[in-house]
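Here is the file entry-v9.cif (mmCIF, N, CA and C atoms).
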data_coords
loop_
_atom_site.group_PDB
_atom_site.id
_atom_site.type_symbol
_atom_site.label_atom_id
_atom_site.label_comp_id
_atom_site.auth_asym_id
_atom_site.auth_seq_id
_atom_site.Cartn_x
_atom_site.Cartn_y
_atom_site.Cartn_z
ATOM 1 N N MET A 1 0.844 -1.162 0.000
ATOM 2 C CA MET A 1 0.000 0.000 0.000
ATOM 3 C C MET A 1 0.894 1.231 0.000
ATOM 4 N N GLN A 2 0.349 2.270 -0.580
ATOM 5 C CA GLN A 2 1.075 3.527 -0.653
ATOM 6 C C GLN A 2 0.072 4.664 -0.729
ATOM 7 N N PRO A 3 0.516 5.902 -0.665
ATOM 8 C CA PRO A 3 -0.420 7.025 -0.772
ATOM 9 C C PRO A 3 -1.131 7.015 -2.125
ATOM 10 N N SER A 4 -2.345 7.509 -2.138
ATOM 11 C CA SER A 4 -3.108 7.616 -3.381
ATOM 12 C C SER A 4 -2.579 8.742 -4.250
ATOM 13 N N PRO A 5 -2.851 8.677 -5.547
ATOM 14 C CA PRO A 5 -2.495 9.809 -6.410
ATOM 15 C C PRO A 5 -3.239 11.069 -5.940
ATOM 16 N N VAL A 6 -2.664 12.196 -6.224
ATOM 17 C CA VAL A 6 -3.232 13.467 -5.764
ATOM 18 C C VAL A 6 -4.660 13.647 -6.262
ATOM 19 N N TRP A 7 -4.956 13.267 -7.514
ATOM 20 C CA TRP A 7 -6.316 13.447 -8.043
ATOM 21 C C TRP A 7 -7.334 12.670 -7.205
ATOM 22 N N LEU A 8 -6.945 11.476 -6.736
ATOM 23 C CA LEU A 8 -7.861 10.662 -5.941
ATOM 24 C C LEU A 8 -8.026 11.268 -4.542
ATOM 25 N N GLN A 9 -6.952 11.780 -3.983
ATOM 26 C CA GLN A 9 -7.043 12.439 -2.680
ATOM 27 C C GLN A 9 -7.966 13.653 -2.752
ATOM 28 N N TYR A 10 -7.839 14.456 -3.819
ATOM 29 C CA TYR A 10 -8.707 15.632 -3.988
ATOM 30 C C TYR A 10 -10.161 15.217 -4.173
ATOM 31 N N ARG A 11 -10.386 14.183 -4.957
ATOM 32 C CA ARG A 11 -11.761 13.713 -5.214
ATOM 33 C C ARG A 11 -12.415 13.246 -3.920
ATOM 34 N N LEU A 12 -11.699 12.461 -3.125
ATOM 35 C CA LEU A 12 -12.255 11.997 -1.857
ATOM 36 C C LEU A 12 -12.510 13.155 -0.903
ATOM 37 N N SER A 13 -11.583 14.092 -0.845
ATOM 38 C CA SER A 13 -11.768 15.262 0.017
ATOM 39 C C SER A 13 -13.007 16.045 -0.397
ATOM 40 N N ALA A 14 -13.249 16.161 -1.697
ATOM 41 C CA ALA A 14 -14.432 16.864 -2.196
ATOM 42 C C ALA A 14 -15.716 16.129 -1.799
ATOM 43 N N LEU A 15 -15.616 14.819 -1.611
ATOM 44 C CA LEU A 15 -16.773 14.018 -1.195
ATOM 45 C C LEU A 15 -16.921 13.973 0.326
ATOM 46 N N GLY A 16 -15.984 14.615 1.041
ATOM 47 C CA GLY A 16 -16.039 14.623 2.493
ATOM 48 C C GLY A 16 -15.384 13.405 3.132
ATOM 49 N N LEU A 17 -14.553 12.687 2.369
ATOM 50 C CA LEU A 17 -13.861 11.504 2.879
ATOM 51 C C LEU A 17 -12.372 11.803 3.045
ATOM 52 N N ASN A 18 -11.766 11.201 4.041
ATOM 53 C CA ASN A 18 -10.332 11.385 4.277
ATOM 54 C C ASN A 18 -9.529 10.353 3.506
ATOM 55 N N PRO A 19 -8.529 10.768 2.721
ATOM 56 C CA PRO A 19 -7.650 9.808 2.060
ATOM 57 C C PRO A 19 -6.880 8.993 3.108
ATOM 58 N N ILE A 20 -6.741 7.680 2.871
ATOM 59 C CA ILE A 20 -6.060 6.797 3.816
ATOM 60 C C ILE A 20 -4.892 6.084 3.135
ATOM 61 N N SER A 21 -5.166 5.349 2.077
ATOM 62 C CA SER A 21 -4.128 4.658 1.290
ATOM 63 C C SER A 21 -4.733 4.355 -0.075
ATOM 64 N N ASN A 22 -3.898 3.989 -1.025
ATOM 65 C CA ASN A 22 -4.391 3.804 -2.390
ATOM 66 C C ASN A 22 -5.504 2.762 -2.477
ATOM 67 N N ILE A 23 -5.386 1.656 -1.764
ATOM 68 C CA ILE A 23 -6.397 0.598 -1.861
ATOM 69 C C ILE A 23 -7.687 1.011 -1.160
ATOM 70 N N VAL A 24 -7.579 1.507 0.054
ATOM 71 C CA VAL A 24 -8.762 1.950 0.794
ATOM 72 C C VAL A 24 -9.445 3.086 0.051
ATOM 73 N N ASP A 25 -8.664 4.020 -0.478
ATOM 74 C CA ASP A 25 -9.241 5.162 -1.185
ATOM 75 C C ASP A 25 -9.993 4.729 -2.440
ATOM 76 N N MET A 26 -9.464 3.750 -3.164
ATOM 77 C CA MET A 26 -10.159 3.304 -4.378
ATOM 78 C C MET A 26 -11.484 2.640 -4.029
ATOM 79 N N THR A 27 -11.497 1.813 -2.980
ATOM 80 C CA THR A 27 -12.771 1.190 -2.599
ATOM 81 C C THR A 27 -13.755 2.252 -2.101
ATOM 82 N N ASN A 28 -13.263 3.278 -1.404
ATOM 83 C CA ASN A 28 -14.155 4.356 -0.967
ATOM 84 C C ASN A 28 -14.711 5.140 -2.153
ATOM 85 N N LEU A 29 -13.887 5.373 -3.170
ATOM 86 C CA LEU A 29 -14.379 6.070 -4.358
ATOM 87 C C LEU A 29 -15.443 5.238 -5.063
ATOM 88 N N LEU A 30 -15.205 3.947 -5.196
ATOM 89 C CA LEU A 30 -16.212 3.079 -5.819
ATOM 90 C C LEU A 30 -17.505 3.077 -5.021
ATOM 91 N N MET A 31 -17.389 3.035 -3.697
ATOM 92 C CA MET A 31 -18.578 3.054 -2.854
ATOM 93 C C MET A 31 -19.358 4.360 -3.054
ATOM 94 N N ALA A 32 -18.648 5.479 -3.177
ATOM 95 C CA ALA A 32 -19.306 6.769 -3.368
ATOM 96 C C ALA A 32 -19.956 6.864 -4.747
ATOM 97 N N GLU A 33 -19.319 6.313 -5.757
ATOM 98 C CA GLU A 33 -19.824 6.406 -7.123
ATOM 99 C C GLU A 33 -20.958 5.411 -7.409
ATOM 100 N N LEU A 34 -20.903 4.236 -6.779
ATOM 101 C CA LEU A 34 -21.856 3.168 -7.088
ATOM 102 C C LEU A 34 -22.840 2.864 -5.965
ATOM 103 N N PRO A 35 -23.036 3.690 -4.980
ATOM 104 C CA PRO A 35 -23.719 3.447 -3.709
ATOM 105 C C PRO A 35 -23.814 1.971 -3.315
ATOM 106 N N GLN A 36 -22.698 1.287 -3.341
ATOM 107 C CA GLN A 36 -22.637 -0.133 -2.983
ATOM 108 C C GLN A 36 -21.368 -0.347 -2.172
ATOM 109 N N PRO A 37 -21.479 -0.872 -0.956
ATOM 110 C CA PRO A 37 -20.257 -1.111 -0.167
ATOM 111 C C PRO A 37 -19.294 -2.039 -0.905
ATOM 112 N N THR A 38 -18.020 -1.749 -0.809
ATOM 113 C CA THR A 38 -16.996 -2.586 -1.429
ATOM 114 C C THR A 38 -15.951 -2.947 -0.395
ATOM 115 N N HIS A 39 -15.276 -4.046 -0.618
ATOM 116 C CA HIS A 39 -14.228 -4.502 0.290
ATOM 117 C C HIS A 39 -13.049 -4.984 -0.540
ATOM 118 N N ALA A 40 -11.862 -4.730 -0.043
ATOM 119 C CA ALA A 40 -10.645 -5.215 -0.699
ATOM 120 C C ALA A 40 -9.933 -6.165 0.251
ATOM 121 N N PHE A 41 -9.427 -7.261 -0.287
ATOM 122 C CA PHE A 41 -8.734 -8.259 0.516
ATOM 123 C C PHE A 41 -7.376 -8.560 -0.105
ATOM 124 N N ASP A 42 -6.395 -8.833 0.712
ATOM 125 C CA ASP A 42 -5.068 -9.217 0.250
ATOM 126 C C ASP A 42 -5.073 -10.724 0.028
ATOM 127 N N ALA A 43 -5.096 -11.151 -1.221
ATOM 128 C CA ALA A 43 -5.193 -12.568 -1.564
ATOM 129 C C ALA A 43 -4.042 -13.382 -0.992
ATOM 130 N N ASP A 44 -2.872 -12.776 -0.811
ATOM 131 C CA ASP A 44 -1.731 -13.500 -0.245
ATOM 132 C C ASP A 44 -1.940 -13.866 1.225
ATOM 133 N N LYS A 45 -2.831 -13.148 1.893
ATOM 134 C CA LYS A 45 -3.062 -13.401 3.314
ATOM 135 C C LYS A 45 -4.310 -14.244 3.571
ATOM 136 N N LEU A 46 -5.007 -14.625 2.515
ATOM 137 C CA LEU A 46 -6.206 -15.444 2.662
ATOM 138 C C LEU A 46 -5.873 -16.903 2.440
ATOM 139 N N SER A 47 -6.576 -17.768 3.132
ATOM 140 C CA SER A 47 -6.422 -19.198 2.873
ATOM 141 C C SER A 47 -7.733 -19.693 2.264
ATOM 142 N N GLY A 48 -7.627 -20.447 1.202
ATOM 143 C CA GLY A 48 -8.832 -20.918 0.517
ATOM 144 C C GLY A 48 -9.382 -19.858 -0.423
ATOM 145 N N ASP A 49 -10.542 -20.139 -0.963
ATOM 146 C CA ASP A 49 -11.125 -19.208 -1.934
ATOM 147 C C ASP A 49 -12.504 -18.711 -1.513
ATOM 148 N N THR A 50 -12.825 -18.835 -0.226
ATOM 149 C CA THR A 50 -14.098 -18.353 0.290
ATOM 150 C C THR A 50 -13.825 -17.358 1.409
ATOM 151 N N ILE A 51 -14.548 -16.247 1.390
ATOM 152 C CA ILE A 51 -14.401 -15.222 2.413
ATOM 153 C C ILE A 51 -15.684 -15.203 3.231
ATOM 154 N N PHE A 52 -15.559 -15.368 4.534
ATOM 155 C CA PHE A 52 -16.700 -15.311 5.436
ATOM 156 C C PHE A 52 -16.678 -13.982 6.167
ATOM 157 N N ILE A 53 -17.784 -13.277 6.145
ATOM 158 C CA ILE A 53 -17.897 -11.991 6.818
ATOM 159 C C ILE A 53 -18.799 -12.185 8.030
ATOM 160 N N ARG A 54 -18.292 -11.868 9.200
ATOM 161 C CA ARG A 54 -19.131 -11.993 10.394
ATOM 162 C C ARG A 54 -19.936 -10.710 10.565
ATOM 163 N N PRO A 55 -21.127 -10.824 11.108
ATOM 164 C CA PRO A 55 -21.945 -9.615 11.316
ATOM 165 C C PRO A 55 -21.301 -8.708 12.360
ATOM 166 N N ARG A 56 -21.492 -7.433 12.204
ATOM 167 C CA ARG A 56 -20.921 -6.494 13.161
ATOM 168 C C ARG A 56 -21.754 -6.491 14.442
ATOM 169 N N ILE A 57 -21.131 -6.078 15.510
ATOM 170 C CA ILE A 57 -21.820 -5.964 16.791
ATOM 171 C C ILE A 57 -22.773 -4.780 16.701
ATOM 172 N N ARG A 58 -23.981 -4.978 17.136
ATOM 173 C CA ARG A 58 -24.993 -3.917 17.048
ATOM 174 C C ARG A 58 -24.472 -2.626 17.690
ATOM 175 N N GLY A 59 -24.557 -1.550 16.934
ATOM 176 C CA GLY A 59 -24.128 -0.243 17.430
ATOM 177 C C GLY A 59 -22.649 0.061 17.173
ATOM 178 N N ALA A 60 -21.855 -0.939 16.850
ATOM 179 C CA ALA A 60 -20.429 -0.714 16.597
ATOM 180 C C ALA A 60 -20.233 -0.223 15.167
ATOM 181 N N VAL A 61 -19.466 0.820 15.008
ATOM 182 C CA VAL A 61 -19.179 1.358 13.678
ATOM 183 C C VAL A 61 -17.661 1.392 13.501
ATOM 184 N N PRO A 62 -17.135 0.483 12.659
ATOM 185 C CA PRO A 62 -15.681 0.498 12.441
ATOM 186 C C PRO A 62 -15.257 1.726 11.637
ATOM 187 N N ARG A 63 -14.135 2.323 11.992
ATOM 188 C CA ARG A 63 -13.654 3.516 11.299
ATOM 189 C C ARG A 63 -12.175 3.359 10.996
ATOM 190 N N LEU A 64 -11.767 3.935 9.888
ATOM 191 C CA LEU A 64 -10.378 3.902 9.472
ATOM 192 C C LEU A 64 -9.741 5.288 9.513
ATOM 193 N N GLU A 65 -10.238 6.135 10.386
ATOM 194 C CA GLU A 65 -9.736 7.502 10.483
ATOM 195 C C GLU A 65 -8.306 7.515 10.975
ATOM 196 N N ARG A 66 -7.553 8.471 10.503
ATOM 197 C CA ARG A 66 -6.185 8.672 10.988
ATOM 198 C C ARG A 66 -6.156 9.844 11.896
#

Mind converting the file's structure to structure tokens?
Amino acid sequence: MQPSPVWLQYRLSALGLNPISNIVDMTNLLMAELPQPTHAFDADKLSGDTIFIRPRIRGAVPRLER
């Protein structure tokens, strides 16, 4: 991971989102453009070819703020 290109940082800032890293920023841009949550996973760190997502704890909101 590395910093996002300046154009992507400006675009996210214009949408009211904080730039974090190139991968997180791209998924956030897609989410903003397509009103559909997106997730990115590092395939090298996954075992198998199925991803299981556990439900979040009621009231808990995960944040990636710096």

CA of Ile57 (chain A) to CA of Ser21 (chain A), straight-line distance in Å: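 Separation of CA of Ser21 (chain A) and CA of Ile57 (chain A): 25.8 Å.
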
Who sits within 10 Å of Leu17 (chain A), only C-alpha atoms, same chain under 3 positions skipped, as a list in words: Gln9, Tyr10, Arg11, Leu12, Ser13, Ala14, Ile20, Asp25, Asn28, Leu29, Ala32 and Glu65 of chain A

Which of chain A fall in helix (DSSP H, G or I), as a list in words: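 The residues of chain A classed as helix (DSSP H, G or I) are Val6, Trp7, Leu8, Gln9, Tyr10, Arg11, Leu12, Ser13, Ala14, Asn22, Ile23, Val24, Asp25, Met26, Thr27, Asn28, Leu29, Leu30, Met31, Ala32, Glu33, Ala43, Asp44 and Lys45 of chain A.
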
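The gap separating CA of Ile53 (chain A) from CA of Thr38 (chain A) is 12.5 Å, in Å to one decimal.
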
Taking all atoms of region 6-24 of chain A that appear in the file, build a box with edges along x, y and z, extend it by 6 Å on every side, and state its centre and edge lengths in Å to one decimal, as JSON.
{"center_x": -9.8, "center_y": 8.7, "center_z": -1.9, "size_x": 26.3, "size_y": 28.3, "size_z": 24.3}

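If all atoms listed in the file are the atoms counted, then among A:Leu46, A:Met1, A:Ile51, A:Leu8 the closest residue to Met26 (chain A) is A:Leu8.
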
Length of the CA of Lys45 (chain A) to atom C of Gln2 (chain A) vector [Å]: 18.8 Å

Which of A:Arg58, A:Val24, A:Val6, A:Pro19 sits closest to Pro37 (chain A) [using only C-alpha atoms]: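 Going through A:Arg58, A:Val24, A:Val6, A:Pro19 one by one, the smallest distance to Pro37 (chain A) is for A:Val24.
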
Option closest in space to Thr27 (chain A), from A:Ala40, A:Pro55, A:Leu15, A:Gly48 [counting all atoms listed in the file]: A:Ala40
